[in-house]
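Asks: Before I ask anything, here is the structure I am working with.
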Amino acid sequence: MSQRELVILGTASQVPTKQRNHNGYLLRWDGEGVLFDPGEGTQRQMIYAGVSATDITRIGITHFHGDHSLGLAGVAQRISLDRVPHVVDCYYPASGEQFFQRLTHSTAYHQTAELRAHPIRAAGELPTPGASFTLTTRALSHPVEAFGYRISEPDGRRIVPERLRELGISGPAVGLLQRAGHIEIDGRSIALEQVSEPRPGQSFAFIMDTRLCDGVHELAQGVDMLVIEATFTDADEHLAKEFGHLTARQAAAVAARAGARTLVLTHFSQRYRTLDDHLAEARAEFSGEIVVAEDLMRIPLPPRR
């Protein structure tokens with residue numbers, strides 16, 4: 001069975017705490033490992049989480065604030081140190097090109113791996129060589145240029161065993177039907193649609209530092225898992241607006257409006273000793289599964305619809 005899960009490497013905003021490292025999120029998607037927003041300390045958190053540099057196939061940076069990107073320097077060097085054999089595709093705002101170059105060449109090291117740069121200049125679909133999914137991006141609303149990401153699997157079809165039995169199809173004929181889309185049996189032409197039903201592809205959205213904006217809602221629409229910042233609570237909503245962030249209630253309202261299935265709240269301000277209020281405020285808006293992210297947590301994508 002394919003493995004699809006989110007590994008939480010860090011959940012702190014701006015300043016790490018004793019319990020929370022700077023941001024870092026690895027999405028395992030079958031044979032892919034997409035590392036989002038590696039903040040300071042990500043390389044060490046990877047060790048605690050049992051994540052190797054070889055697991056990383058892509059890196060996505062939402063914006064170039066330190067808590068979302070300072071760990072890129074260590075991760076880039078570790079990828080070369082471990083002689084990762086595959087190309088690692090890197091996505092980031094084009095306006096931060098100088099920061100990407102500085103971080104990936106911050107000190108002297110023997111570069112053996114290839115980081116293939118994909119600077120983002122506008123919203124839309126991004127190049128994903130060799131991937132089985134599409135990766136799209138939308139602009140967010142933050143004091144510096146920021147983009148959110150969405151991974152989407154193409155819709156497919158699910159075989160219905162009862163229909164196969166009714167039509168007398170079994171053995172190698174089933175695989176042939178799936179590959180070819182139709183087969184001839186005993187003078188009958190059987191189409192794949194006759195023995196299957198639509199299967200929606202899975203989807204995942206990653207939304208960090210932002211105010212509410214069109215891009216937030218577009219990325220979140222109908223996703224199986226929405227990972228979204230919830231820096232503040234209602235009491236500090238004025239700070240969220242001023243500094244370009246969301247409250248837990250706002251994040252949950254986005255999930256409810258979008259019809260998301262699993263909501264993962266993260267990126268918490270160090271001002272909060274506990275996250276009880278974050279969860280309570282989110283519960284008031286969203287009735288689905290809510291996960292208040294903790295460092296080193298593993299969250300499976302929900303079962304297919």
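Every chain in the structure tokens has a letter given in the order shown (A, B, ...), and although residue numbers restart at 1 in each chain, ligands are simply numbered from 1 in the order shown.
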Could you tell me, as JSON, numbers by chain, which residues of region 36-279 of chain A DSSP assigns to alpha helix (DSSP H) when given the backbone?
Replies: {"A": [42, 43, 44, 45, 46, 47, 48, 49, 66, 67, 68, 69, 72, 73, 74, 75, 76, 77, 78, 79, 80, 81, 97, 98, 99, 100, 101, 102, 103, 104, 161, 162, 163, 164, 165, 166, 167, 172, 173, 174, 175, 176, 177, 178, 179, 180, 214, 215, 216, 217, 218, 219, 220, 237, 238, 239, 240, 241, 242, 243, 248, 249, 250, 251, 252, 253, 254, 255, 256, 257, 258, 276, 277, 278, 279]}
Asks: Generate a file of the selected residues that holds C-alpha atoms, formatted as a compact mmCIF listing (two decimals), in the first residue's frame.
Replies:
# COMPACT_ATOMS: atom_id res chain seq x y z
CA THR A 42 15.22 21.07 10.39
CA GLN A 43 18.19 18.79 9.76
CA ARG A 44 18.26 17.73 13.43
CA GLN A 45 14.50 17.28 13.55
CA MET A 46 14.78 14.98 10.54
CA ILE A 47 17.03 12.70 12.58
CA TYR A 48 14.52 12.58 15.44
CA ALA A 49 11.70 11.86 12.97
CA GLY A 66 13.93 32.88 8.58
CA ASP A 67 11.51 30.59 10.38
CA HIS A 68 10.53 29.15 7.00
CA SER A 69 13.87 28.97 5.22
CA LEU A 72 17.58 25.18 3.83
CA ALA A 73 21.34 25.76 4.19
CA GLY A 74 21.88 22.66 6.32
CA VAL A 75 19.45 20.54 4.34
CA ALA A 76 21.11 21.45 1.03
CA GLN A 77 24.54 20.52 2.37
CA ARG A 78 23.23 17.30 3.90
CA ILE A 79 21.75 16.28 0.55
CA SER A 80 25.23 16.52 -0.95
CA LEU A 81 26.97 14.96 2.05
CA GLU A 97 16.40 34.39 -5.66
CA GLN A 98 19.28 36.02 -3.78
CA PHE A 99 18.21 34.34 -0.55
CA PHE A 100 17.90 30.94 -2.24
CA GLN A 101 21.40 31.30 -3.65
CA ARG A 102 22.85 32.48 -0.34
CA LEU A 103 21.25 29.66 1.63
CA THR A 104 22.26 26.91 -0.77
CA PRO A 161 -15.71 -6.60 -7.83
CA GLU A 162 -19.46 -7.32 -8.02
CA ARG A 163 -19.61 -5.95 -11.55
CA LEU A 164 -16.65 -8.08 -12.59
CA ARG A 165 -18.42 -11.20 -11.32
CA GLU A 166 -21.67 -10.27 -13.06
CA LEU A 167 -19.85 -10.02 -16.38
CA PRO A 172 -5.44 -11.49 -16.26
CA ALA A 173 -8.44 -10.04 -18.07
CA VAL A 174 -8.97 -7.60 -15.21
CA GLY A 175 -5.50 -6.09 -15.56
CA LEU A 176 -5.86 -5.92 -19.33
CA LEU A 177 -9.16 -4.09 -18.97
CA GLN A 178 -7.58 -1.57 -16.59
CA ARG A 179 -4.68 -0.92 -18.96
CA ALA A 180 -6.55 -0.87 -22.26
CA ASP A 214 -8.45 34.60 -2.64
CA GLY A 215 -5.36 32.40 -2.86
CA VAL A 216 -6.08 30.82 0.53
CA HIS A 217 -9.58 29.75 -0.49
CA GLU A 218 -8.50 28.53 -3.93
CA LEU A 219 -5.75 26.33 -2.54
CA ALA A 220 -7.99 24.85 0.16
CA GLU A 237 -6.72 39.10 15.80
CA HIS A 238 -5.45 42.68 15.44
CA LEU A 239 -1.89 41.32 15.45
CA ALA A 240 -2.77 38.72 12.83
CA LYS A 241 -4.07 41.43 10.51
CA GLU A 242 -1.12 43.73 11.15
CA PHE A 243 1.59 41.16 10.56
CA ALA A 248 -7.17 29.57 14.51
CA ARG A 249 -10.83 30.52 13.97
CA GLN A 250 -10.08 32.04 10.56
CA ALA A 251 -8.10 28.97 9.50
CA ALA A 252 -10.94 26.68 10.55
CA ALA A 253 -13.50 28.83 8.74
CA VAL A 254 -11.40 28.44 5.58
CA ALA A 255 -11.48 24.66 6.01
CA ALA A 256 -15.25 24.65 6.54
CA ARG A 257 -15.94 26.84 3.52
CA ALA A 258 -13.60 24.73 1.37
CA ASP A 276 -6.35 24.84 24.11
CA ASP A 277 -7.90 28.10 22.88
CA HIS A 278 -6.69 27.44 19.34
CA LEU A 279 -8.51 24.10 19.31
Asks: Using only C-alpha atoms, which residues sit within 10 Å of Thr134 (chain A) once same-chain residues fewer than 3 positions away are excluded, as an mmCIF file with all heavy atoms, in the first residue's frame?
Replies:
data_model
loop_
_atom_site.group_PDB
_atom_site.id
_atom_site.type_symbol
_atom_site.label_atom_id
_atom_site.label_comp_id
_atom_site.auth_asym_id
_atom_site.auth_seq_id
_atom_site.Cartn_x
_atom_site.Cartn_y
_atom_site.Cartn_z
ATOM 1 N N GLU A 125 0.271 26.343 -12.420
ATOM 2 C CA GLU A 125 0.845 25.005 -12.267
ATOM 3 C C GLU A 125 2.356 25.076 -12.402
ATOM 4 O O GLU A 125 2.893 25.773 -13.273
ATOM 5 C CB GLU A 125 0.258 24.060 -13.313
ATOM 6 C CG GLU A 125 0.701 22.620 -13.136
ATOM 7 C CD GLU A 125 -0.034 21.653 -14.062
ATOM 8 O OE1 GLU A 125 -1.162 21.966 -14.479
ATOM 9 O OE2 GLU A 125 0.533 20.582 -14.367
ATOM 10 N N LEU A 126 3.047 24.338 -11.546
ATOM 11 C CA LEU A 126 4.506 24.324 -11.540
ATOM 12 C C LEU A 126 5.033 23.054 -12.205
ATOM 13 O O LEU A 126 4.355 22.023 -12.210
ATOM 14 C CB LEU A 126 5.013 24.394 -10.100
ATOM 15 C CG LEU A 126 4.595 25.638 -9.307
ATOM 16 C CD1 LEU A 126 4.969 25.485 -7.837
ATOM 17 C CD2 LEU A 126 5.239 26.884 -9.896
ATOM 18 N N PRO A 127 6.219 23.092 -12.763
ATOM 19 C CA PRO A 127 6.798 21.887 -13.371
ATOM 20 C C PRO A 127 7.123 20.838 -12.314
ATOM 21 O O PRO A 127 7.696 21.166 -11.269
ATOM 22 C CB PRO A 127 8.060 22.405 -14.058
ATOM 23 C CG PRO A 127 8.407 23.663 -13.345
ATOM 24 C CD PRO A 127 7.111 24.265 -12.904
ATOM 25 N N THR A 128 6.737 19.602 -12.574
ATOM 26 C CA THR A 128 6.998 18.509 -11.622
ATOM 27 C C THR A 128 7.545 17.304 -12.382
ATOM 28 O O THR A 128 6.849 16.303 -12.557
ATOM 29 C CB THR A 128 5.723 18.103 -10.871
ATOM 30 O OG1 THR A 128 4.670 17.849 -11.827
ATOM 31 C CG2 THR A 128 5.268 19.189 -9.924
ATOM 32 N N PRO A 129 8.779 17.383 -12.850
ATOM 33 C CA PRO A 129 9.350 16.262 -13.616
ATOM 34 C C PRO A 129 9.256 14.949 -12.853
ATOM 35 O O PRO A 129 9.656 14.850 -11.698
ATOM 36 C CB PRO A 129 10.817 16.682 -13.796
ATOM 37 C CG PRO A 129 10.827 18.168 -13.639
ATOM 38 C CD PRO A 129 9.750 18.467 -12.646
ATOM 39 N N ALA A 131 6.756 13.369 -11.573
ATOM 40 C CA ALA A 131 5.753 13.216 -10.511
ATOM 41 C C ALA A 131 4.456 12.636 -11.052
ATOM 42 O O ALA A 131 4.116 12.805 -12.226
ATOM 43 C CB ALA A 131 5.472 14.555 -9.842
ATOM 44 N N ARG A 150 -0.444 23.479 -3.551
ATOM 45 C CA ARG A 150 -1.477 22.440 -3.561
ATOM 46 C C ARG A 150 -0.994 21.277 -4.430
ATOM 47 O O ARG A 150 -0.547 21.484 -5.572
ATOM 48 C CB ARG A 150 -2.790 22.975 -4.111
ATOM 49 C CG ARG A 150 -3.893 21.901 -4.186
ATOM 50 C CD ARG A 150 -5.164 22.459 -4.810
ATOM 51 N NE ARG A 150 -6.163 21.419 -4.988
ATOM 52 C CZ ARG A 150 -7.361 21.395 -4.411
ATOM 53 N NH1 ARG A 150 -7.719 22.372 -3.594
ATOM 54 N NH2 ARG A 150 -8.206 20.415 -4.643
ATOM 55 N N ILE A 151 -1.066 20.080 -3.874
ATOM 56 C CA ILE A 151 -0.750 18.860 -4.609
ATOM 57 C C ILE A 151 -2.052 18.152 -4.920
ATOM 58 O O ILE A 151 -2.892 17.955 -4.028
ATOM 59 C CB ILE A 151 0.191 17.965 -3.781
ATOM 60 C CG1 ILE A 151 1.604 18.548 -3.802
ATOM 61 C CG2 ILE A 151 0.199 16.531 -4.295
ATOM 62 C CD1 ILE A 151 2.599 17.790 -2.955
ATOM 63 N N SER A 152 -2.237 17.754 -6.169
ATOM 64 C CA SER A 152 -3.475 17.098 -6.582
ATOM 65 C C SER A 152 -3.161 15.879 -7.428
ATOM 66 O O SER A 152 -2.348 15.942 -8.357
ATOM 67 C CB SER A 152 -4.357 18.057 -7.398
ATOM 68 O OG SER A 152 -4.693 19.205 -6.656
ATOM 69 N N GLU A 153 -3.820 14.793 -7.093
ATOM 70 C CA GLU A 153 -3.704 13.549 -7.850
ATOM 71 C C GLU A 153 -4.822 13.505 -8.892
ATOM 72 O O GLU A 153 -5.962 13.870 -8.579
ATOM 73 C CB GLU A 153 -3.839 12.370 -6.897
ATOM 74 C CG GLU A 153 -3.811 11.007 -7.551
ATOM 75 C CD GLU A 153 -4.042 9.898 -6.537
ATOM 76 O OE1 GLU A 153 -4.900 10.077 -5.641
ATOM 77 O OE2 GLU A 153 -3.377 8.864 -6.633
ATOM 78 N N PRO A 154 -4.558 13.078 -10.121
ATOM 79 C CA PRO A 154 -5.634 12.982 -11.112
ATOM 80 C C PRO A 154 -6.731 12.030 -10.644
ATOM 81 O O PRO A 154 -6.467 11.050 -9.944
ATOM 82 C CB PRO A 154 -4.920 12.433 -12.357
ATOM 83 C CG PRO A 154 -3.471 12.730 -12.147
ATOM 84 C CD PRO A 154 -3.248 12.672 -10.664
ATOM 85 N N SER A 203 -5.832 15.064 -2.514
ATOM 86 C CA SER A 203 -5.256 16.399 -2.632
ATOM 87 C C SER A 203 -4.791 16.900 -1.269
ATOM 88 O O SER A 203 -5.261 16.451 -0.216
ATOM 89 C CB SER A 203 -6.275 17.377 -3.229
ATOM 90 O OG SER A 203 -7.485 17.357 -2.481
#
Asks: Can you tell me which residues surround Thr11 (chain A) at a distance of at most 12 Å, considering only C-alpha atoms, apart from same-chain residues fewer than 2 positions away, and format the answer as a PyMOL selection string?
Replies: chain A and resi 7-9+13-25+36-42+45+67-68+208+227-231+264-270+275+292-297
Asks: Could you state the separation of CA of Ala117 (chain A) and CA of Ile59 (chain A) in Å, given to one decimal place?
Replies: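 So the two atoms, CA of Ala117 (chain A) and CA of Ile59 (chain A), lie 9.6 Å apart.
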Asks: Please provide as a ChimeraX atom specification all residues within 6 Å of Thr137 (chain A), with the sequence filter that same-chain residues fewer than 4 positions apart are discarded (counting only C-alpha atoms).
Replies: /A:123-124,148-149
Asks: Could those selected residues go to a file with C-alpha atoms, as a short mmCIF file (atom, residue, chain, number, x, y, z; two decimals), in the first residue's frame?
Replies:
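Contents of part_31.cif, as written:
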data_model
loop_
_atom_site.label_atom_id
_atom_site.label_comp_id
_atom_site.auth_asym_id
_atom_site.auth_seq_id
_atom_site.Cartn_x
_atom_site.Cartn_y
_atom_site.Cartn_z
CA ALA A 123 0.29 31.70 -9.73
CA GLY A 124 -0.41 28.53 -11.68
CA GLY A 148 0.99 28.54 -1.01
CA TYR A 149 1.06 25.07 -2.58
#
Asks: DSSP on the backbone, strand (DSSP E) only: what residues of region 46-229 of chain A does that give? Format it as a PyMOL selection string.
Replies: chain A and resi 58-60+88-93+115-120+124-126+134-139+147-152+156-159+182-185+188-191+196-199+203-207+225-229
Asks: Need to verify the contact set: Pro119 (chain A), 9 Å, only C-alpha atoms, exclusion of same-chain residues closer than 3 positions in sequence. Can you return it as a VMD selection string?
Replies: chain A and resid 90 to 97
Asks: Counting only C-alpha atoms, which of A:Glu145, A:Asp224, A:Glu5, A:Glu285 gets nearest to Arg261 (chain A)?
Replies: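 The closest residue to Arg261 (chain A) is A:Asp224.
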Asks: Find the residue from A:Arg298, A:Leu263, A:Val160, A:Phe206 that sits nearest to Val51 (chain A); use only C-alpha atoms when measuring.
Replies: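 The shortest atom-to-atom distance to Val51 (chain A) comes from A:Arg298.
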Asks: Env of region 199-202 of chain A: 10 Å cut, atoms = only C-alpha atoms, seq-sep filter 2 positions within chain, self excluded. Answer as a PyMOL selection string.
Replies: chain A and resi 4+133+151-159+196-197+204+222-225+301-305
Asks: Would you please work out which residue, of A:Gln3, A:Thr274, A:Ser132, A:Thr262, is nearest to Val291 (chain A) when using only C-alpha atoms?
Replies: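 Selected residue with least distance to Val291 (chain A): A:Thr262.
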Asks: Nearest to His182 (chain A) among A:Ala146, A:Ala205, A:Ile299, A:Val195, with distances taken over only C-alpha atoms: which residue is it?
Replies: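 Under the stated criterion, the closest residue is A:Val195.
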